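Here is the file run.txt (compact mmCIF, C-alpha atoms and all ligand atoms).
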# COMPACT_ATOMS: atom_id res chain seq x y z
CA MET A 1 -54.37 -54.54 -6.41
CA VAL A 2 -53.56 -53.49 -9.93
CA ARG A 3 -50.37 -51.58 -10.39
CA THR A 4 -50.85 -49.17 -13.22
CA ASN A 5 -47.48 -47.46 -13.17
CA GLN A 6 -45.49 -50.50 -14.20
CA LYS A 7 -45.87 -53.81 -15.99
CA SER A 8 -47.02 -56.75 -13.91
CA PRO A 9 -44.22 -59.08 -12.81
CA ALA A 10 -45.63 -61.82 -15.04
CA ALA A 11 -45.64 -59.58 -18.08
CA ARG A 12 -42.14 -58.43 -17.28
CA ARG A 13 -40.93 -62.00 -16.91
CA GLY A 14 -42.54 -62.94 -20.21
CA HIS A 15 -40.83 -60.02 -21.86
CA GLU A 16 -37.48 -60.94 -20.35
CA ARG A 17 -37.83 -64.55 -21.44
CA HIS A 18 -38.63 -63.38 -24.95
CA LYS A 19 -35.64 -61.08 -24.99
CA LEU A 20 -33.48 -63.84 -23.60
CA SER A 21 -34.49 -66.29 -26.30
CA ALA A 22 -33.90 -63.72 -29.07
CA LEU A 23 -30.55 -63.04 -27.46
CA SER A 24 -29.64 -66.71 -27.32
CA TRP A 25 -30.45 -67.03 -31.02
CA LEU A 26 -28.24 -64.04 -31.77
CA ARG A 27 -25.47 -65.48 -29.62
CA ALA A 28 -25.74 -68.87 -31.38
CA SER A 29 -25.59 -67.19 -34.81
CA VAL A 30 -22.60 -65.07 -33.87
CA LEU A 31 -20.85 -68.13 -32.44
CA GLY A 32 -21.51 -70.07 -35.65
CA ALA A 33 -20.23 -67.21 -37.81
CA ASN A 34 -17.13 -66.80 -35.59
CA ASP A 35 -16.49 -70.49 -35.90
CA GLY A 36 -16.75 -70.29 -39.70
CA ILE A 37 -14.42 -67.29 -39.94
CA VAL A 38 -11.78 -68.69 -37.60
CA SER A 39 -11.68 -72.22 -38.97
CA ILE A 40 -11.69 -71.32 -42.67
CA SER A 41 -9.29 -68.41 -42.41
CA SER A 42 -6.93 -70.53 -40.27
CA LEU A 43 -7.11 -73.29 -42.83
CA ILE A 44 -6.43 -70.91 -45.71
CA LEU A 45 -3.46 -69.45 -43.82
CA GLY A 46 -2.11 -72.90 -43.01
CA VAL A 47 -2.36 -74.08 -46.61
CA ALA A 48 -1.03 -70.80 -47.99
CA ALA A 49 1.88 -70.87 -45.52
CA ALA A 50 2.76 -74.30 -46.92
CA HIS A 51 3.09 -72.61 -50.34
CA ALA A 52 0.12 -74.38 -51.91
CA SER A 53 -1.11 -73.12 -55.27
CA HIS A 54 -3.95 -70.59 -55.34
CA ALA A 55 -6.28 -73.27 -56.77
CA ASN A 56 -5.41 -75.68 -53.97
CA ILE A 57 -5.99 -73.00 -51.34
CA LEU A 58 -9.48 -72.35 -52.73
CA LEU A 59 -10.24 -76.05 -53.12
CA SER A 60 -9.34 -76.86 -49.51
CA GLY A 61 -11.19 -73.77 -48.27
CA ALA A 62 -14.37 -74.78 -50.11
CA ALA A 63 -14.13 -78.38 -48.89
CA ALA A 64 -13.64 -77.21 -45.30
CA LEU A 65 -16.63 -74.87 -45.59
CA VAL A 66 -18.93 -77.71 -46.60
CA ALA A 67 -17.46 -80.12 -44.05
CA GLY A 68 -17.75 -77.56 -41.26
CA ALA A 69 -21.34 -76.64 -42.10
CA MET A 70 -22.38 -80.31 -42.19
CA SER A 71 -20.63 -81.05 -38.92
CA MET A 72 -22.31 -78.04 -37.25
CA ALA A 73 -25.72 -79.15 -38.55
CA VAL A 74 -25.32 -82.74 -37.36
CA GLY A 75 -23.94 -81.75 -33.96
CA GLU A 76 -26.69 -79.21 -33.36
CA TYR A 77 -29.43 -81.55 -34.57
CA VAL A 78 -28.32 -84.38 -32.28
CA SER A 79 -27.92 -82.15 -29.25
CA VAL A 80 -31.21 -80.27 -29.65
CA HIS A 81 -33.03 -83.48 -30.52
CA SER A 82 -31.93 -85.10 -27.27
CA GLN A 83 -33.17 -82.01 -25.44
CA ALA A 84 -36.56 -82.40 -27.17
CA ASP A 85 -36.55 -86.09 -26.24
CA SER A 86 -36.03 -85.36 -22.57
CA GLU A 87 -38.80 -82.74 -22.66
CA ALA A 88 -41.16 -85.29 -24.20
CA ALA A 89 -40.15 -87.90 -21.63
CA ALA A 90 -40.84 -85.48 -18.76
CA LEU A 91 -44.29 -84.70 -20.22
CA ALA A 92 -45.09 -88.40 -20.64
CA GLN A 93 -44.12 -89.05 -17.04
CA GLU A 94 -46.28 -86.15 -15.89
CA ARG A 95 -49.22 -87.51 -17.89
CA ALA A 96 -48.80 -90.94 -16.29
CA GLU A 97 -48.60 -89.43 -12.80
CA LEU A 98 -51.80 -87.47 -13.43
CA GLU A 99 -53.57 -90.70 -14.34
CA VAL A 100 -52.27 -92.73 -11.41
CA ASP A 101 -52.45 -90.11 -8.68
CA PRO A 102 -54.65 -87.13 -9.61
CA VAL A 103 -55.16 -86.04 -6.00
CA GLY A 104 -51.46 -86.09 -5.20
CA GLU A 105 -50.76 -84.11 -8.38
CA ARG A 106 -53.34 -81.50 -7.39
CA HIS A 107 -51.67 -81.15 -3.99
CA GLU A 108 -48.34 -80.77 -5.75
CA LEU A 109 -49.77 -77.94 -7.83
CA THR A 110 -51.32 -76.34 -4.72
CA ASP A 111 -47.92 -76.40 -3.01
CA ILE A 112 -46.29 -74.76 -6.02
CA TYR A 113 -48.78 -71.87 -5.96
CA ARG A 114 -48.43 -71.50 -2.16
CA ARG A 115 -44.65 -71.23 -2.52
CA ARG A 116 -45.22 -68.52 -5.11
CA GLY A 117 -47.11 -66.50 -2.52
CA LEU A 118 -50.80 -67.41 -2.75
CA SER A 119 -52.79 -68.13 0.40
CA ALA A 120 -53.57 -71.80 1.05
CA ALA A 121 -57.23 -71.38 0.10
CA LEU A 122 -56.52 -69.46 -3.08
CA ALA A 123 -53.72 -71.84 -4.09
CA ARG A 124 -56.11 -74.78 -3.71
CA GLU A 125 -58.76 -72.95 -5.73
CA VAL A 126 -56.32 -72.09 -8.51
CA ALA A 127 -54.96 -75.65 -8.60
CA GLU A 128 -58.49 -77.05 -8.82
CA GLN A 129 -59.60 -74.75 -11.62
CA LEU A 130 -56.42 -75.17 -13.66
CA THR A 131 -56.59 -78.94 -13.21
CA ALA A 132 -60.16 -78.93 -14.48
CA HIS A 133 -59.19 -76.71 -17.40
CA ASP A 134 -55.93 -78.37 -18.57
CA ALA A 135 -54.15 -80.44 -15.94
CA LEU A 136 -51.19 -81.46 -18.09
CA GLY A 137 -50.69 -77.92 -19.35
CA ALA A 138 -50.66 -76.56 -15.78
CA HIS A 139 -48.09 -79.13 -14.65
CA ALA A 140 -45.96 -78.61 -17.73
CA ARG A 141 -45.91 -74.86 -17.23
CA ASP A 142 -45.80 -74.48 -13.46
CA GLU A 143 -43.98 -77.62 -12.37
CA LEU A 144 -41.62 -78.37 -15.27
CA GLY A 145 -41.25 -74.76 -16.40
CA PHE A 146 -42.07 -75.44 -20.06
CA SER A 147 -43.55 -72.56 -21.99
CA GLY A 148 -46.45 -73.04 -24.39
CA GLN A 149 -44.48 -74.76 -27.10
CA SER A 150 -41.26 -76.70 -26.93
CA LEU A 151 -38.15 -74.57 -27.18
CA ALA A 152 -36.21 -77.40 -28.71
CA ARG A 153 -36.53 -77.38 -32.51
CA PRO A 154 -33.78 -79.63 -33.86
CA ARG A 155 -34.20 -78.97 -37.58
CA GLN A 156 -34.39 -75.22 -37.14
CA ALA A 157 -31.35 -75.23 -34.85
CA ALA A 158 -29.38 -77.37 -37.31
CA LEU A 159 -30.21 -75.05 -40.22
CA ALA A 160 -29.40 -71.92 -38.24
CA SER A 161 -26.11 -73.36 -37.08
CA ALA A 162 -25.00 -74.54 -40.53
CA GLY A 163 -26.20 -71.27 -42.07
CA SER A 164 -24.31 -69.01 -39.70
CA PHE A 165 -21.15 -71.12 -40.03
CA THR A 166 -21.40 -70.88 -43.82
CA ALA A 167 -21.96 -67.12 -43.71
CA GLY A 168 -18.85 -66.71 -41.58
CA ALA A 169 -16.75 -69.17 -43.58
CA ALA A 170 -17.69 -67.46 -46.86
CA ILE A 171 -15.86 -64.27 -45.80
CA PRO A 172 -12.26 -65.56 -45.76
CA LEU A 173 -12.99 -67.85 -48.71
CA LEU A 174 -14.29 -65.00 -50.89
CA VAL A 175 -11.38 -62.84 -49.80
CA ALA A 176 -8.99 -65.62 -50.85
CA VAL A 177 -10.77 -65.96 -54.20
CA PHE A 178 -10.35 -62.29 -55.05
CA ALA A 179 -7.02 -61.55 -53.37
CA SER A 180 -4.03 -61.69 -55.63
CA PRO A 181 -2.13 -64.90 -54.75
CA GLU A 182 0.95 -63.26 -53.21
CA TYR A 183 -1.16 -61.27 -50.74
CA VAL A 184 -3.59 -64.04 -49.68
CA ILE A 185 -2.11 -64.30 -46.17
CA PRO A 186 -2.15 -60.64 -45.05
CA ILE A 187 -5.50 -59.86 -46.70
CA THR A 188 -7.18 -62.94 -45.20
CA VAL A 189 -5.83 -62.07 -41.74
CA ALA A 190 -6.96 -58.45 -41.95
CA ALA A 191 -10.44 -59.17 -43.32
CA SER A 192 -11.09 -62.01 -40.86
CA LEU A 193 -9.95 -60.10 -37.79
CA ALA A 194 -11.99 -57.06 -38.82
CA CYS A 195 -15.14 -59.20 -39.18
CA LEU A 196 -14.48 -60.97 -35.87
CA PHE A 197 -14.04 -57.62 -34.13
CA PHE A 198 -17.33 -56.38 -35.61
CA LEU A 199 -19.21 -59.56 -34.63
CA GLY A 200 -17.75 -59.48 -31.12
CA ALA A 201 -18.88 -55.88 -30.72
CA LEU A 202 -22.35 -56.71 -32.05
CA ALA A 203 -22.82 -59.63 -29.63
CA ALA A 204 -21.49 -57.58 -26.72
CA GLN A 205 -23.84 -54.70 -27.46
CA ALA A 206 -26.87 -56.98 -27.72
CA GLY A 207 -25.93 -58.73 -24.47
CA GLY A 208 -25.14 -55.50 -22.63
CA ALA A 209 -21.48 -56.42 -22.09
CA ARG A 210 -18.55 -54.02 -22.47
CA ILE A 211 -18.16 -53.67 -26.21
CA LEU A 212 -14.46 -52.95 -26.68
CA THR A 213 -13.31 -55.56 -24.15
CA ALA A 214 -15.50 -58.28 -25.63
CA ALA A 215 -14.58 -57.47 -29.24
CA LEU A 216 -10.86 -57.39 -28.43
CA ARG A 217 -11.09 -60.69 -26.56
CA VAL A 218 -12.63 -62.44 -29.60
CA THR A 219 -10.14 -60.83 -31.96
CA CYS A 220 -7.03 -61.70 -29.92
CA TRP A 221 -7.92 -65.34 -29.31
CA SER A 222 -8.84 -65.75 -32.98
CA ALA A 223 -5.56 -64.18 -34.03
CA LEU A 224 -3.78 -66.71 -31.83
CA ALA A 225 -5.74 -69.60 -33.41
CA MET A 226 -4.81 -68.37 -36.90
CA ALA A 227 -1.16 -67.94 -35.96
CA VAL A 228 -0.94 -71.48 -34.60
CA THR A 229 -2.56 -72.92 -37.74
CA ALA A 230 -0.37 -70.88 -40.05
CA GLY A 231 2.71 -71.95 -38.08
CA VAL A 232 1.78 -75.63 -38.31
CA GLY A 233 1.03 -75.21 -42.04
CA ALA A 234 4.42 -73.61 -42.64
CA LEU A 235 6.14 -76.36 -40.68
CA VAL A 236 4.34 -79.20 -42.45
CA GLY A 237 4.95 -77.49 -45.79
CA THR A 238 8.69 -77.33 -45.06
CA LEU A 239 8.81 -80.96 -43.89
CA THR A 240 6.87 -82.40 -46.83
CA ARG A 241 9.04 -80.62 -49.34
CA GLY A 242 12.01 -82.33 -47.69
ZN ZN A 301 -46.97 -82.92 -11.52
Would you write the structure of this file as structure tokens?
Ligand SMILES: [Zn+2]
Amino acid sequence: MVRTNQKSPAARRGHERHKLSALSWLRASVLGANDGIVSISSLILGVAAAHASHANILLSGAAALVAGAMSMAVGEYVSVHSQADSEAAALAQERAELEVDPVGERHELTDIYRRRGLSAALAREVAEQLTAHDALGAHARDELGFSGQSLARPRQAALASAGSFTAGAAIPLLVAVFASPEYVIPITVAASLACLFFLGALAAQAGGARILTAALRVTCWSALAMAVTAGVGALVGTLTRG
């Protein structure tokens, strides 16, 4: 029976998966940008609290931006690459199983379709036709749950991660460049917390969470991180000056 008044469950699931993956990209970008803002503004505060010169504040901020972006890229590349590796290994195993035991694999597929609600006869028919059409594709999709193409793209993930970190890190750094030296600390704090609040609200709205609560949570924890770093910077600055 064709339901005309609503989307088919399959179409709805496809749509949800699409939305979910766009959402996970947005979440990853926001996380990267948050990371950039918090780490670079904390660093600037720590160095400024130790009474470093304006030039030294900017130098350490720029160095930390590059180091952070590289570390994000490497970490993301390695983690996503290992995900791609395990996907490839699962596919290779499936291919081998299909060669060794094609009948058993067809029964496996039949069972999967029966569990999804098809009658035994129809499940067998579907399994037979899909096996004839593209056996590996059917197993990849319906047994392993892979969609058409691999979700794991290491280089893209590494670029996105480094890019969003850099975008976030550039905010406190630019603020520190243009702020007059005696006001670097308060202006960096204000600008960073405002951006974090905005990003938190954006992510919450996209994810359907409560906007104010989520934005305040990000802002408060970030403020704490900055305060700790500034405190340590002030302490170390006092100690090293003797
Ligand atoms: Zn299989």
Nearest to ligand ZN 301 (chain A) by atom-to-atom distance, counting all atoms listed in the file, from A:Gly32, A:Gly145, A:Pro181, A:Gly237:
A:Gly145
How many Å separate CA of Ala190 (chain A) from CA of Ala204 (chain A)?
21.1 Å
Write out as a list in words which residues come within 7 Å of region 109-115 of chain A when counting all atoms listed in the file, dropping same-chain ones fewer than 4 positions away.
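Near neighbours after the sequence-gap exclusion: Glu105, Ser119, Ala120, Ala123, Arg124 and Ala127 of chain A.
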Selected residues written out with C-alpha atoms, as a compact mmCIF listing (two decimals), keeping the file's coordinate frame:
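The result, stored in selection_26.txt:
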# COMPACT_ATOMS: atom_id res chain seq x y z
CA GLU A 105 -50.76 -84.11 -8.38
CA SER A 119 -52.79 -68.13 0.40
CA ALA A 120 -53.57 -71.80 1.05
CA ALA A 123 -53.72 -71.84 -4.09
CA ARG A 124 -56.11 -74.78 -3.71
CA ALA A 127 -54.96 -75.65 -8.60
Pick out the closest residue to ligand ZN 301 (chain A) from this set: A:Val66, A:Ala227, A:Ala138, A:Ala206. Count all atoms listed in the file.
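Looking at the shortest contact to ligand ZN 301 (chain A), the residue is A:Ala138.
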Need the shell around Glu76 (chain A): protein/DNA/RNA residues with any atom at most 10 Å away, counting all atoms listed in the file. Skip same-chain ones fewer than 3 positions apart. Format as an mmCIF file with C-alpha atoms, in the frame of the given file?
data_model
loop_
_atom_site.group_PDB
_atom_site.id
_atom_site.type_symbol
_atom_site.label_atom_id
_atom_site.label_comp_id
_atom_site.auth_asym_id
_atom_site.auth_seq_id
_atom_site.Cartn_x
_atom_site.Cartn_y
_atom_site.Cartn_z
ATOM 1 C CA MET A 70 -22.380 -80.310 -42.190
ATOM 2 C CA SER A 71 -20.630 -81.050 -38.920
ATOM 3 C CA MET A 72 -22.310 -78.040 -37.250
ATOM 4 C CA ALA A 73 -25.720 -79.150 -38.550
ATOM 5 C CA SER A 79 -27.920 -82.150 -29.250
ATOM 6 C CA VAL A 80 -31.210 -80.270 -29.650
ATOM 7 C CA HIS A 81 -33.030 -83.480 -30.520
ATOM 8 C CA SER A 82 -31.930 -85.100 -27.270
ATOM 9 C CA PRO A 154 -33.780 -79.630 -33.860
ATOM 10 C CA ARG A 155 -34.200 -78.970 -37.580
ATOM 11 C CA GLN A 156 -34.390 -75.220 -37.140
ATOM 12 C CA ALA A 157 -31.350 -75.230 -34.850
ATOM 13 C CA ALA A 158 -29.380 -77.370 -37.310
ATOM 14 C CA LEU A 159 -30.210 -75.050 -40.220
ATOM 15 C CA ALA A 160 -29.400 -71.920 -38.240
ATOM 16 C CA SER A 161 -26.110 -73.360 -37.080
ATOM 17 C CA ALA A 162 -25.000 -74.540 -40.530
#
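Counting only C-alpha atoms, Leu43 (chain A) has the following residues at most 9 Å away, ignoring those fewer than 6 positions along the same chain: Ile57, Ser60, Gly61, Ala64, Met226, Thr229, Ala230 and Gly233 of chain A.
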Among listed residues A:Ile211, A:Ala170, A:Ala50, A:Cys195, nearest Arg241 (chain A) (using all atoms listed in the file):
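Distance minimum relative to Arg241 (chain A) lands on A:Ala50.
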Write out as a VMD selection string each polymer residue (protein, DNA or RNA) that has an atom no more than 9 Å from ligand ZN 301 (chain A), with only C-alpha atoms and all ligand atoms counted.
chain A and resid 93 to 95 97 to 98 102 104 to 106 108 to 109 135 to 136 138 to 140 142 to 144
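For the set A:Val218, A:Ile185, A:Ile171, A:Leu212, the residue with the smallest atom-to-atom gap to Ala52 (chain A) is A:Ile185, counting only C-alpha atoms.
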